[in-house]
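Following: one structure in structure tokens, then a few remarks.
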Amino acid sequence: MAKGDEKLLDARASPYVLRARFALKLKSVDYEYLEENLREGKSELLLKSNPVHKKVPVLLHGDRPVCESLIIVQYIDEVWTYGPSIVPSDPYDRAIARFWAAFVEDKVYPSMREIMTANDEEARGESVAKFKEVLDAFMKSSKGKPFFGGDEIGYVDIAFGAFAGWFKVIEKAFNVELFDEATTPNLLAWVDAFLAHPAIGDITPSTDELLEFAKNVVLPTMKAVAPASQ
């Protein structure tokens, strides 16, 4: 398709949207960025393109909408076959990558949510300890390479890395330490390497921008049943 046929319905600070943007950048896909202002309501195009969940991100490939962040990442990898592979080609490796991506959804994000919604410092400290236990289990998906995908960023890196900027927000907003050289040296090195990658650093919003989004959008709605994007 010609340049401009691809559009991404987006909310810049959303970690779920970042997954799609990371994949598009890794594949060098030109697309039109359509910002959704979630504070003012959802656009008619978003409601039409994703009538079931009514959430960002949505990738419009021509007139065909693709929804759900990790499904979009897989779609991008399958459609744009040039550039680095994101999803492993080996069936077993692919299954393992999908397992750990699901782990991020089921365990990592809920643990972050607990930290942000804790009622007091004691409860928050317990939530941070639980989060570190989750991360310890997650690190088992690493094989001693720079990234979870090996020498290059892959599917698990994108699934997990979309929250990398938000880790720094949590540390700054709630005065907690999620990573340190003593207990999580490998994960700390991964966060720094991931955010320094040329396909990632230019896309990830600054800590201050994410913090502002958290104060105005995320925290006021954090106790809702579903997240603002998926």
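Here's how to read the names in the structure tokens: chain A, B, ... by the order shown, residue numbers from 1 in each chain, ligand numbers from 1 in the order shown.
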Exercise for review: Please identify all polymer residues within 7 Å of range 68-76 of chain A, counting only C-alpha atoms, omitting same-chain residues fewer than 2 positions from it, and present them as a PyMOL selection string.
Suggested key: chain A and resi 16-17+19-20+23-24+57+59+66+78-80+87+230
Counting only C-alpha atoms, which residues of range 49-91 of chain A sit at most 9 Å from some atom of range 36-43 of chain A, and what is each one's closest atom pair with its distance in Å to one decimal, listed by chain and rising residue number, as a Markdown table?
```
| residue | atom | partner | partner_atom | distance |
| --- | --- | --- | --- | --- |
| A:Lys54 | CA | A:Lys42 | CA | 7.9 |
| A:Lys55 | CA | A:Lys42 | CA | 8.4 |
| A:Val56 | CA | A:Glu36 | CA | 8.1 |
```
Check your understanding: Can you list every residue in range 62-186 of chain A that DSSP puts in strand (DSSP E), as JSON, numbers by chain?
Key -> {"A": [64, 65, 66, 67]}
Point to revise | Using only C-alpha atoms: which of A:Asp63, A:Glu209, A:Glu44, A:Glu152 has the shortest distance to Asp5 in chain A | key: A:Asp63
Review point. Quick one: distance from CA of Val169 in chain A to CA of Ala196 in chain A in Å, one decimal?
Key: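 Taking CA of Val169 in chain A and CA of Ala196 in chain A, their separation equals 17.0 Å.
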Review point. Which polymer residues have any atom within 9 Å of an atom of Pro65 in chain A, counting only C-alpha atoms, with same-chain residues fewer than 4 positions away left out, as a PyMOL selection string?
Key: chain A and resi 49-50+58-61
**Study point:** Selected residue, from A:Asp120, A:Asp202, A:Glu212, A:Asp151, that lies nearest to Phe174 in chain A when counting only C-alpha atoms
**Key:**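 Comparing A:Asp120, A:Asp202, A:Glu212, A:Asp151 against Phe174 in chain A, the winner is A:Asp120.
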Practice item. Name the residues in contact with range 191-193 of chain A at a cut-off of 9 Å, using only C-alpha atoms, excluding same-chain residues fewer than 3 positions from it; report them as a list in words. Key: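 Residues meeting the cut-off are Pro146, Phe147, Gly161, Ala164, Gly165, Asn186, Leu187, Leu188, Ala196 and His197 of chain A.
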Review point. Between A:Met116, A:Leu178, A:Ala162, A:Ala95, which one has atoms that come closest to Val134 in chain A, using only C-alpha atoms?
Key: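 Under the stated criterion, the closest residue is A:Leu178.
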Practice item. Go through A:Ala182, A:Leu46, A:Ile153, A:Arg113 one by one, measure the shortest atom-to-atom distance of each to Val218 in chain A using only C-alpha atoms, and give the residue with the smallest value. Key: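 Ranked by minimum distance to Val218 in chain A, first place goes to A:Arg113.
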Exercise for review: Among the residues of range 79-193 of chain A, find those DSSP assigns to alpha helix (DSSP H) from the backbone and print them as JSON, numbers by chain.
Suggested key: {"A": [79, 91, 92, 93, 94, 95, 96, 97, 98, 99, 100, 101, 102, 103, 109, 110, 111, 112, 113, 114, 115, 116, 117, 121, 122, 123, 124, 125, 126, 127, 128, 129, 130, 131, 132, 133, 134, 135, 136, 137, 138, 155, 156, 157, 158, 159, 160, 161, 164, 165, 166, 167, 168, 169, 170, 171, 172, 173, 174, 185, 186, 187, 188, 189, 190, 191, 192, 193]}
Exercise for review: Using only C-alpha atoms, find the one residue out of A:Ala118, A:Leu9, A:Ile170, A:Ile86 that sits nearest to Asp208 in chain A.
Suggested key: A:Ile170
Review point. Using only C-alpha atoms, which of A:Asp77, A:Glu121, A:Asp157, A:Asp10 sits nearest Leu45 in chain A?
Key: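 Comparing A:Asp77, A:Glu121, A:Asp157, A:Asp10 against Leu45 in chain A, the winner is A:Asp10.
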